[in-house]
Amino acid sequence: MTAWVTTLSESLTPREEQYLFTPSILSEKVGWKVDVDWDGDGVFEGGNEDVSDDVQEITITRGRDAELERVTPGVCELVLRNDTGKYSPDRTDGPLYGNLKTGRKMRVRSVNPIAKSHFTGYVEDIIPNP
């Protein structure tokens with residue numbers, strides 16, 4: 001199975017947090033949602049912008065390692081299932097061809113039991129794994 005990883009960054013935060021989400025945690029019961037604004041229109045709408053069903057792993061790291069260290073920007077790494085080639089930028093017949101670009105806005109949210117944003121940032125890199 002092929003997958004890709006994208007690294008995203010967000011603004012500085014004074015909190016120390018780290019999350020690791022796996023498919024069992026991303027279940028319907030928890031209600032996790034991951035969106036990427038692939039078409040760059042500023043809204044998370046459209047058939048391909050909700051990538052939640054393809055998420056294999058999410059790692060979110062932010063804050064600082066020690067109390068007196070400088071706070072660094074948060075980083076989110078996604079691993080998405082790509083066995084169909086949907087997230088391969090060079091696949092000219094893919095549904096996202098031409099839209100798989102860096103700089104696209106993305107977000108990770110929990111929507112059940114309480115709606116909460118866990119990460120908002122921008123795609124910095126897309127790395128298809130063969």
# chains A, B, ... in the order shown; residues from 1 in each chain; ligands from 1
$ select_by_dssp --residues "stretch 55-119 of chain A" --states "strand (DSSP E or B)" --output "PyMOL selection string"
chain A and resi 55-63+72-81+105-110+116-119
$ write_last_selection --atoms "C-alpha atoms" --output "CSV table (one decimal), in the first residue's frame"
chain,number,residue,atom,x,y,z
A,55,VAL,CA,-6.0,9.0,7.1
A,56,GLN,CA,-3.7,6.3,8.5
A,57,GLU,CA,-1.9,8.4,11.0
A,58,ILE,CA,-1.7,11.9,12.3
A,59,THR,CA,1.1,13.3,14.5
A,60,ILE,CA,0.7,16.9,15.9
A,61,THR,CA,3.6,18.4,17.9
A,62,ARG,CA,3.7,21.9,19.2
A,63,GLY,CA,5.0,24.0,22.1
A,72,THR,CA,8.4,26.7,18.0
A,73,PRO,CA,5.6,26.5,15.4
A,74,GLY,CA,3.3,23.5,15.5
A,75,VAL,CA,3.8,20.7,13.0
A,76,CYS,CA,1.3,18.2,11.8
A,77,GLU,CA,2.3,15.1,9.8
A,78,LEU,CA,-0.3,13.1,8.0
A,79,VAL,CA,0.0,9.7,6.4
A,80,LEU,CA,-2.8,9.1,4.0
A,81,ARG,CA,-3.8,5.9,2.2
A,105,LYS,CA,-4.8,25.2,4.1
A,106,MET,CA,-5.7,22.2,6.2
A,107,ARG,CA,-7.2,21.5,9.6
A,108,VAL,CA,-7.7,18.6,12.0
A,109,ARG,CA,-10.8,18.7,14.2
A,110,SER,CA,-12.8,16.6,16.6
A,116,LYS,CA,-12.7,21.4,18.8
A,117,SER,CA,-9.9,22.5,16.4
A,118,HIS,CA,-6.6,20.6,17.1
A,119,PHE,CA,-4.6,22.0,14.2
$ atom_distance --atom1 "atom CA of A:Ser52" --atom2 "atom CA of A:Val34"
4.9 Å
$ residues_around --residues "A:Asp39" --least-positions-apart "4" --cutoff "9 Å" --atoms "only C-alpha atoms" --output "CSV table (one decimal) with all heavy atoms, in the first residue's frame"
chain,number,residue,atom,x,y,z
A,43,VAL,N,-12.4,27.6,1.4
A,43,VAL,CA,-13.4,26.9,2.2
A,43,VAL,C,-13.2,25.4,2.1
A,43,VAL,O,-12.6,24.9,1.1
A,43,VAL,CB,-14.9,27.2,1.7
A,43,VAL,CG1,-15.3,28.7,2.0
A,43,VAL,CG2,-15.1,26.9,0.3
A,46,GLY,N,-16.4,20.5,-0.9
A,46,GLY,CA,-16.1,19.8,-2.2
A,46,GLY,C,-15.8,18.3,-1.9
A,46,GLY,O,-15.5,17.9,-0.7
A,49,GLU,N,-12.1,17.3,-0.4
A,49,GLU,CA,-11.4,18.1,0.7
A,49,GLU,C,-11.5,17.4,2.0
A,49,GLU,O,-10.7,17.7,2.9
A,49,GLU,CB,-12.0,19.5,0.7
A,49,GLU,CG,-11.6,20.2,-0.7
A,49,GLU,CD,-11.7,21.7,-0.7
A,49,GLU,OE1,-12.2,22.3,0.3
A,49,GLU,OE2,-11.2,22.2,-1.7
A,96,LEU,N,-7.4,14.9,-8.1
A,96,LEU,CA,-6.8,16.1,-7.5
A,96,LEU,C,-5.7,16.6,-8.4
A,96,LEU,O,-5.0,17.5,-7.9
A,96,LEU,CB,-6.3,15.8,-6.1
A,96,LEU,CG,-7.4,15.5,-5.1
A,96,LEU,CD1,-6.8,14.9,-3.8
A,96,LEU,CD2,-8.3,16.7,-4.9
A,98,GLY,N,-3.3,18.7,-10.4
A,98,GLY,CA,-3.2,20.2,-10.5
A,98,GLY,C,-3.5,20.9,-9.2
A,98,GLY,O,-3.3,22.1,-9.1
A,99,ASN,N,-4.1,20.2,-8.2
A,99,ASN,CA,-4.5,20.9,-7.0
A,99,ASN,C,-3.6,20.4,-5.8
A,99,ASN,O,-3.7,20.9,-4.7
A,99,ASN,CB,-6.0,20.6,-6.6
A,99,ASN,CG,-6.9,21.4,-7.5
A,99,ASN,OD1,-6.6,22.5,-7.9
A,99,ASN,ND2,-8.0,20.8,-7.9
A,100,LEU,N,-2.8,19.4,-6.0
A,100,LEU,CA,-1.9,18.9,-5.0
A,100,LEU,C,-0.7,19.7,-4.9
A,100,LEU,O,0.3,19.4,-5.4
A,100,LEU,CB,-1.6,17.4,-5.2
A,100,LEU,CG,-2.7,16.4,-5.1
A,100,LEU,CD1,-2.3,15.1,-5.7
A,100,LEU,CD2,-3.2,16.3,-3.7
A,104,ARG,N,-1.6,24.9,0.6
A,104,ARG,CA,-3.0,24.7,0.8
A,104,ARG,C,-3.3,24.6,2.3
A,104,ARG,O,-2.6,24.0,3.0
A,104,ARG,CB,-3.5,23.4,0.1
A,104,ARG,CG,-3.2,23.3,-1.4
A,104,ARG,CD,-4.0,24.3,-2.1
A,104,ARG,NE,-4.0,24.0,-3.6
A,104,ARG,CZ,-4.4,24.9,-4.5
A,104,ARG,NH1,-4.7,26.1,-4.2
A,104,ARG,NH2,-4.4,24.5,-5.7
$ closest_residue --among "A:Pro95, A:Gly85, A:Gly47, A:Gly42" --to "A:Tyr122" --atoms "only C-alpha atoms"
A:Gly42
